[in-house]
2 protein chains.
Amino acid sequence: MPKLITTRTRIADLGKPRIVIIGGGFGGLELAKGLEGLKAQTVLFDKYNHHCFQPLLYQVASSGLDTGSIVFPFRRRFGSQQDFFFRMGEVTAIKPEENYIETSIGGVKYDYLVLAHGASTNYYGMKDVEEHAMPLKNIIDSIKLRNKIIQNFELALLTDDAELMNSLMDFVIVGGGPTGVEMAGALAELKSHVFPRDYPELQLGHMDIHLVEATGRLLNGMSDVAGEKALQYLQNMGVKVHLNTAVKTYDGHEVSFNNGNKLMTRTLIWAAGVKAHPIQGLSEEAIGRAGRIKVDEFNRVKGYDNIFAIGDAAIMEGADKDFVNGHPQVAPPAMQQGRLLAENIKRIIHKKKLKPFRYKDQGSMATIGRNRAVVDLKIPFKIKTQGTIAWFIWMFVHLMSLVGARNRVLVLINWLSSYFSYDKSNRVIIARPKDGVS
Amino acid sequence: MPKLITTRTRIADLGKPRIVIIGGGFGGLELAKGLEGLKAQTVLFDKYNHHCFQPLLYQVASSGLDTGSIVFPFRRRFGSQQDFFFRMGEVTAIKPEENYIETSIGGVKYDYLVLAHGASTNYYGMKDVEEHAMPLKNIIDSIKLRNKIIQNFELALLTDDAELMNSLMDFVIVGGGPTGVEMAGALAELKSHVFPRDYPELQLGHMDIHLVEATGRLLNGMSDVAGEKALQYLQNMGVKVHLNTAVKTYDGHEVSFNNGNKLMTRTLIWAAGVKAHPIQGLSEEAIGRAGRIKVDEFNRVKGYDNIFAIGDAAIMEGADKDFVNGHPQVAPPAMQQGRLLAENIKRIIHKKKLKPFRYKDQGSMATIGRNRAVVDLKIPFKIKTQGTIAWFIWMFVHLMSLVGARNRVLVLINWLSSYFSYDKSNRVIIARPKDGVS
């Protein structure tokens, strides 16, 4: 059977300005929504056919949520939007001089190009870590991590070798940002509420959860009190937090750190940072720190008139006065940039003056387990709170941020059911049977 | 990194009778539940760590339901059941003379062995069909089929070749039993309600759904009126039904039939029948028609005292007076056999007389789309009905049969949301990006 490789994107020429958006993450999605009603053609490219709500990936990985609750098919949102075209494909190169991009499914011309392709996991050049660690950036990562966590316990039952059993039951999470902190909290909940019922044959006391952070505190980017409280919550839940510690090597069995310490684990969860995807074809002067694309205060890429970049892929230095070194690589700046850029593209087409981007930092938050969260709120009012109230705020904000009413209802039901049953229901291994595990 | 192959099942010797169950389908699950409270050790083996509600697999494949709503982890049900042991592994051989089984994760002795390992897809020896067709027997099959259906449409957008475009948009379903009929109805709903919104660029008139059945009617095993009504419903929905037609060859592109006809399709969905998994080690006289294991009226395997078989894997000939040729390979006989066998094993242990199995046929049903189903009810009262009432009965029975209250609520919400929105929300491709498709 011959492989069917398409070389044409087959996007109709409507005789209107064509805006091509690369990536349907938080930024790209808001931009595409904002362009509705404009007399223009919007084309969205994404590797996947769905938007993924990344902040809750850790809950899929820890069996709290089902995959379908946090993904949303692009066509479900945009199917009926006038002059909207979705294409599933990956961009391989830009040819700015021809206003043209090449993708895995063929090329297309653009009038305006927006790079919203996000960032990928950063292993800081450590090839062994990249080969053996588990990232947590997309829905497939989260299914694989869930499979692995549960499979480890099924295998731990089968061995006489105490060291092997421990290395199957021990988890090392690298990165003390929200993903690492939340994943550590979720594993601690599995340890205290779920696994003792599931695995009465195992001594859960042997399950160790290590959280490793290279700097001297957790949740950098949040307030000191949030970082300290998160540390205290995690330690109360039995998580072993190692600050000022960085990974040097990992071979799938043993991880070694810069302070000479070593840990045996079959599961190294990597939440230590992101880096930009390089895209071929932009001039060198447009590429900034960590591969991010330099943009001006209108998110216009340095040196180009009709190419823009938003979200994690972009870096806006010196323009936004409270964020002269660029904005944090989280969802809110991407969404706000997407929304403003939609307005600015309309302004360009209508030959009006552009509005500069000013990030409205609404604050940030992280949850550590039932009834425990840390919240630094800035809008609508400044408040720092931790504990149960913070936990309700966290839940409310995340529920409301999900795309689609059905997803909100499903997540709410899962959360309610987990809360009252102390259970995480989705602990299924979705994989073909294997005899052993590597 | 060396492969970790375990050779010991490490099932504790409790000094009590040990009942080993192979397979946690409908039969095995009921049996394991029924053994609760018995002074015995129950060991359940399954290839997967979850029970799968197979009657709704077609709804996962057609984007109506999420995977998590129809699977249920065994440990969630049995984690706290006294003296219950679950092991994820596949049985490779039985050694009846040693009361011993070998599995992919090592061996174990048994006092009583129950073979409840079900049946697998039957391609009737056609290797080309087996290689290229899509089965629908487990959760991974359903995810792969969902991926394929949606990916086909994403690819159909990209081609100029009318024949290729048609072969991507056309579906051939083989087998006019409940799975085939229900899958055809679900695809017809995608065609009329969902895909026109998702793919305004495609002419949905080009999407053909063919249902192929080797006999002269649909839904064999149900009443004539049910079969005729199902045919009429499907034809009204635009499904092309080919009766008295059997597949001869399929190379992934073109399917040929015994009447000389041919169809071009990239997706052949195979729901044409099942066959027993062979298990090494039983005597030849124990193996009956289509590889099913011959059992007496107590589900005891012919020639053995302490080996039993239930459900699709077993065939009880001549014992149950209304079913002298054996029971249909569907869920209810498996469940009833599982429940009775639990009682009979207790009776054996307590040296009481065994009860013979008599199948209480409650009837059968199939759904063909919104407001359309066919129901032949026998218990609690005899009634044949088709249409909206039948559809409500179908939904009620399937909801109640699901394992777990949470799953019931999730399925109900999905159904309600689909019903009012005419939408099927889970149309996500869960796969790594690929440039083309084979």
# chains A, B, ... in the order shown; residues from 1 in each chain; ligands from 1
$ residues_around --residues "stretch 321-337 of chain B" --least-positions-apart "4" --cutoff "6 Å" --atoms "only C-alpha atoms" --output "list in words"
Phe26, Gly27, Glu30, Ile310, Gly311, Asp312, Ile315, Met316, Glu317 and Leu341 of chain B
$ write_last_selection --atoms "C-alpha atoms" --output "CSV table (one decimal), in the first residue's frame"
chain,number,residue,atom,x,y,z
B,26,PHE,CA,-18.7,-9.5,31.6
B,27,GLY,CA,-18.4,-13.2,32.8
B,30,GLU,CA,-19.6,-11.1,37.7
B,310,ILE,CA,-17.9,-19.2,30.8
B,311,GLY,CA,-19.1,-16.7,28.3
B,312,ASP,CA,-17.9,-16.4,24.7
B,315,ILE,CA,-20.0,-23.7,24.5
B,316,MET,CA,-22.7,-25.6,26.4
B,317,GLU,CA,-24.2,-28.0,24.0
B,341,LEU,CA,-20.6,-20.3,38.7
$ residues_around --residues "B:Ala390" --least-positions-apart "6" --cutoff "6 Å" --atoms "only C-alpha atoms" --output "PyMOL selection string"
chain B and resi 373-375
$ residues_around --residues "A:Ala61" --least-positions-apart "3" --cutoff "7 Å" --atoms "only C-alpha atoms" --output "ChimeraX atom specification"
/A:57-58,142-143,145-146
$ write_last_selection --atoms "N, CA and C atoms" --output "compact mmCIF listing (two decimals), in the first residue's frame"
# COMPACT_ATOMS: atom_id res chain seq x y z
N LEU A 57 -3.00 18.98 32.21
CA LEU A 57 -2.38 17.73 31.74
C LEU A 57 -1.94 16.85 32.91
N TYR A 58 -1.44 17.49 33.97
CA TYR A 58 -0.98 16.69 35.11
C TYR A 58 -2.12 15.90 35.74
N SER A 142 0.72 12.90 28.43
CA SER A 142 -0.01 12.65 29.68
C SER A 142 -0.54 11.22 29.74
N ILE A 143 -0.97 10.67 28.59
CA ILE A 143 -1.43 9.27 28.57
C ILE A 143 -0.25 8.34 28.85
N LEU A 145 2.47 8.98 30.50
CA LEU A 145 2.90 9.07 31.90
C LEU A 145 1.92 8.31 32.80
N ARG A 146 0.63 8.44 32.53
CA ARG A 146 -0.37 7.69 33.31
C ARG A 146 -0.14 6.19 33.15
$ closest_residue --among "B:Tyr199, B:Phe171, B:Tyr112, B:Trp270" --to "chain A" --atoms "only C-alpha atoms"
B:Tyr199
$ select_by_dssp --residues "stretch 115-163 of chain B" --states "helix (DSSP H, G or I)" --output "PyMOL selection string"
chain B and resi 127-132+139-156+162-163
$ residues_around --residues "stretch 92-108 of chain A" --least-positions-apart "2" --cutoff "12 Å" --atoms "only C-alpha atoms" --output "number ranges by chain"
A: 4-13, 18-22, 43-47, 87-90, 110-115, 117, 277-283, 301, 303-308; B: 154-155, 157-159, 433-437
$ write_last_selection --atoms "C-alpha atoms" --output "PDB file, in the first residue's frame"
ATOM      1  CA  LEU A   4      -0.298   8.984   0.617  1.00  0.00           C
ATOM      2  CA  ILE A   5       1.735  12.146   0.849  1.00  0.00           C
ATOM      3  CA  THR A   6      -0.099  15.312   0.014  1.00  0.00           C
ATOM      4  CA  THR A   7       1.770  18.274  -1.324  1.00  0.00           C
ATOM      5  CA  ARG A   8      -1.060  20.746  -1.578  1.00  0.00           C
ATOM      6  CA  THR A   9      -2.784  22.489   1.280  1.00  0.00           C
ATOM      7  CA  ARG A  10      -5.690  23.285  -1.103  1.00  0.00           C
ATOM      8  CA  ILE A  11      -6.725  26.458   0.638  1.00  0.00           C
ATOM      9  CA  ALA A  12      -9.156  28.333  -1.574  1.00  0.00           C
ATOM     10  CA  ASP A  13      -8.180  31.806  -2.774  1.00  0.00           C
ATOM     11  CA  ARG A  18      -5.263  35.863   4.192  1.00  0.00           C
ATOM     12  CA  ILE A  19      -4.125  35.584   7.802  1.00  0.00           C
ATOM     13  CA  VAL A  20      -2.209  32.393   8.515  1.00  0.00           C
ATOM     14  CA  ILE A  21      -1.886  31.345  12.170  1.00  0.00           C
ATOM     15  CA  ILE A  22       0.640  28.707  13.159  1.00  0.00           C
ATOM     16  CA  VAL A  43      -6.132  29.814   8.159  1.00  0.00           C
ATOM     17  CA  LEU A  44      -5.120  27.886  11.285  1.00  0.00           C
ATOM     18  CA  PHE A  45      -2.403  25.242  11.158  1.00  0.00           C
ATOM     19  CA  ASP A  46      -1.799  22.859  14.034  1.00  0.00           C
ATOM     20  CA  LYS A  47      -0.018  19.519  14.407  1.00  0.00           C
ATOM     21  CA  ARG A  87      -5.346  22.420   8.309  1.00  0.00           C
ATOM     22  CA  MET A  88      -3.636  19.684  10.316  1.00  0.00           C
ATOM     23  CA  GLY A  89       0.037  19.994   9.545  1.00  0.00           C
ATOM     24  CA  GLU A  90       3.385  21.186  10.791  1.00  0.00           C
ATOM     25  CA  TYR A 110      -0.090  34.584   3.353  1.00  0.00           C
ATOM     26  CA  ASP A 111      -0.763  38.270   3.680  1.00  0.00           C
ATOM     27  CA  TYR A 112      -0.248  38.193   7.418  1.00  0.00           C
ATOM     28  CA  LEU A 113       1.558  35.414   9.248  1.00  0.00           C
ATOM     29  CA  VAL A 114       1.269  34.824  12.998  1.00  0.00           C
ATOM     30  CA  LEU A 115       3.690  32.482  14.721  1.00  0.00           C
ATOM     31  CA  HIS A 117       3.533  27.681  17.816  1.00  0.00           C
ATOM     32  CA  HIS A 277      10.787  25.567  18.440  1.00  0.00           C
ATOM     33  CA  PRO A 278      13.137  26.890  15.798  1.00  0.00           C
ATOM     34  CA  ILE A 279      11.420  27.788  12.519  1.00  0.00           C
ATOM     35  CA  GLN A 280      13.586  28.007   9.442  1.00  0.00           C
ATOM     36  CA  GLY A 281      13.594  31.133   7.344  1.00  0.00           C
ATOM     37  CA  LEU A 282      13.528  34.088   9.749  1.00  0.00           C
ATOM     38  CA  SER A 283      16.576  36.339   9.780  1.00  0.00           C
ATOM     39  CA  VAL A 301       8.563  40.239  14.401  1.00  0.00           C
ATOM     40  CA  GLY A 303      12.582  43.176  10.651  1.00  0.00           C
ATOM     41  CA  TYR A 304       9.218  42.166   9.136  1.00  0.00           C
ATOM     42  CA  ASP A 305       6.057  44.093   8.399  1.00  0.00           C
ATOM     43  CA  ASN A 306       3.527  41.300   8.055  1.00  0.00           C
ATOM     44  CA  ILE A 307       4.888  38.574  10.365  1.00  0.00           C
ATOM     45  CA  PHE A 308       3.844  38.458  13.996  1.00  0.00           C
TER      46      PHE A 308
ATOM     47  CA  GLU B 154      -8.506  15.885   7.123  1.00  0.00           C
ATOM     48  CA  LEU B 155      -6.744  14.174   4.216  1.00  0.00           C
ATOM     49  CA  LEU B 157      -9.460  18.078   2.029  1.00  0.00           C
ATOM     50  CA  LEU B 158      -6.003  17.922   0.535  1.00  0.00           C
ATOM     51  CA  THR B 159      -6.425  15.965  -2.631  1.00  0.00           C
ATOM     52  CA  PRO B 433       1.583  13.984  14.019  1.00  0.00           C
ATOM     53  CA  LYS B 434       2.252  12.263  10.719  1.00  0.00           C
ATOM     54  CA  ASP B 435       2.798  13.814   7.346  1.00  0.00           C
ATOM     55  CA  GLY B 436       0.669  11.420   5.395  1.00  0.00           C
ATOM     56  CA  VAL B 437      -1.333   8.345   6.040  1.00  0.00           C
TER      57      VAL B 437
END
$ residues_around --residues "B:Ala188" --least-positions-apart "2" --cutoff "8 Å" --atoms "only C-alpha atoms" --output "ChimeraX atom specification"
/B:184-186,190-192,209,237-239
$ write_last_selection --atoms "C-alpha atoms" --output "PDB file, in the first residue's frame"
ATOM      1  CA  ALA B 184     -23.369   2.344  10.456  1.00  0.00           C
ATOM      2  CA  GLY B 185     -26.005   4.434  12.240  1.00  0.00           C
ATOM      3  CA  ALA B 186     -23.350   6.427  14.086  1.00  0.00           C
ATOM      4  CA  LEU B 190     -21.694  12.071  11.663  1.00  0.00           C
ATOM      5  CA  LYS B 191     -22.483  12.517   7.981  1.00  0.00           C
ATOM      6  CA  SER B 192     -25.756  14.346   8.479  1.00  0.00           C
ATOM      7  CA  ILE B 209     -21.591   4.285   4.169  1.00  0.00           C
ATOM      8  CA  MET B 237     -30.441   7.499   6.886  1.00  0.00           C
ATOM      9  CA  GLY B 238     -28.694   6.902   3.567  1.00  0.00           C
ATOM     10  CA  VAL B 239     -26.737   3.774   4.505  1.00  0.00           C
TER      11      VAL B 239
END
$ decode --residues "stretch 261-274 of chain A" --atoms "N, CA and C atoms" --output "mmCIF file, in the first residue's frame"
data_model
loop_
_atom_site.group_PDB
_atom_site.id
_atom_site.type_symbol
_atom_site.label_atom_id
_atom_site.label_comp_id
_atom_site.auth_asym_id
_atom_site.auth_seq_id
_atom_site.Cartn_x
_atom_site.Cartn_y
_atom_site.Cartn_z
ATOM 1 N N ASN A 261 24.545 13.709 44.855
ATOM 2 C CA ASN A 261 23.530 12.729 45.254
ATOM 3 C C ASN A 261 23.026 11.928 44.060
ATOM 4 N N LYS A 262 22.477 10.763 44.372
ATOM 5 C CA LYS A 262 21.882 9.919 43.337
ATOM 6 C C LYS A 262 20.558 9.366 43.844
ATOM 7 N N LEU A 263 19.646 9.101 42.933
ATOM 8 C CA LEU A 263 18.391 8.436 43.284
ATOM 9 C C LEU A 263 18.106 7.366 42.238
ATOM 10 N N MET A 264 17.554 6.253 42.688
ATOM 11 C CA MET A 264 17.124 5.218 41.755
ATOM 12 C C MET A 264 15.655 5.446 41.439
ATOM 13 N N THR A 265 15.322 5.599 40.185
ATOM 14 C CA THR A 265 13.915 5.700 39.800
ATOM 15 C C THR A 265 13.731 5.276 38.356
ATOM 16 N N ARG A 266 12.580 4.633 38.087
ATOM 17 C CA ARG A 266 12.238 4.271 36.715
ATOM 18 C C ARG A 266 11.458 5.381 36.036
ATOM 19 N N THR A 267 11.091 6.413 36.811
ATOM 20 C CA THR A 267 10.232 7.463 36.265
ATOM 21 C C THR A 267 10.747 8.836 36.659
ATOM 22 N N LEU A 268 11.337 9.514 35.692
ATOM 23 C CA LEU A 268 11.786 10.889 35.894
ATOM 24 C C LEU A 268 10.831 11.779 35.098
ATOM 25 N N ILE A 269 10.062 12.575 35.822
ATOM 26 C CA ILE A 269 9.087 13.459 35.167
ATOM 27 C C ILE A 269 9.742 14.814 34.979
ATOM 28 N N TRP A 270 9.778 15.285 33.734
ATOM 29 C CA TRP A 270 10.569 16.465 33.405
ATOM 30 C C TRP A 270 9.667 17.664 33.180
ATOM 31 N N ALA A 271 9.673 18.581 34.149
ATOM 32 C CA ALA A 271 8.858 19.790 34.040
ATOM 33 C C ALA A 271 9.754 20.991 34.332
ATOM 34 N N ALA A 272 10.984 20.922 33.763
ATOM 35 C CA ALA A 272 12.023 21.865 34.183
ATOM 36 C C ALA A 272 12.148 23.070 33.272
ATOM 37 N N GLY A 273 11.359 23.113 32.222
ATOM 38 C CA GLY A 273 11.451 24.322 31.409
ATOM 39 C C GLY A 273 11.140 24.070 29.960
ATOM 40 N N VAL A 274 11.022 25.172 29.235
ATOM 41 C CA VAL A 274 10.668 25.067 27.821
ATOM 42 C C VAL A 274 11.671 25.838 26.982
#
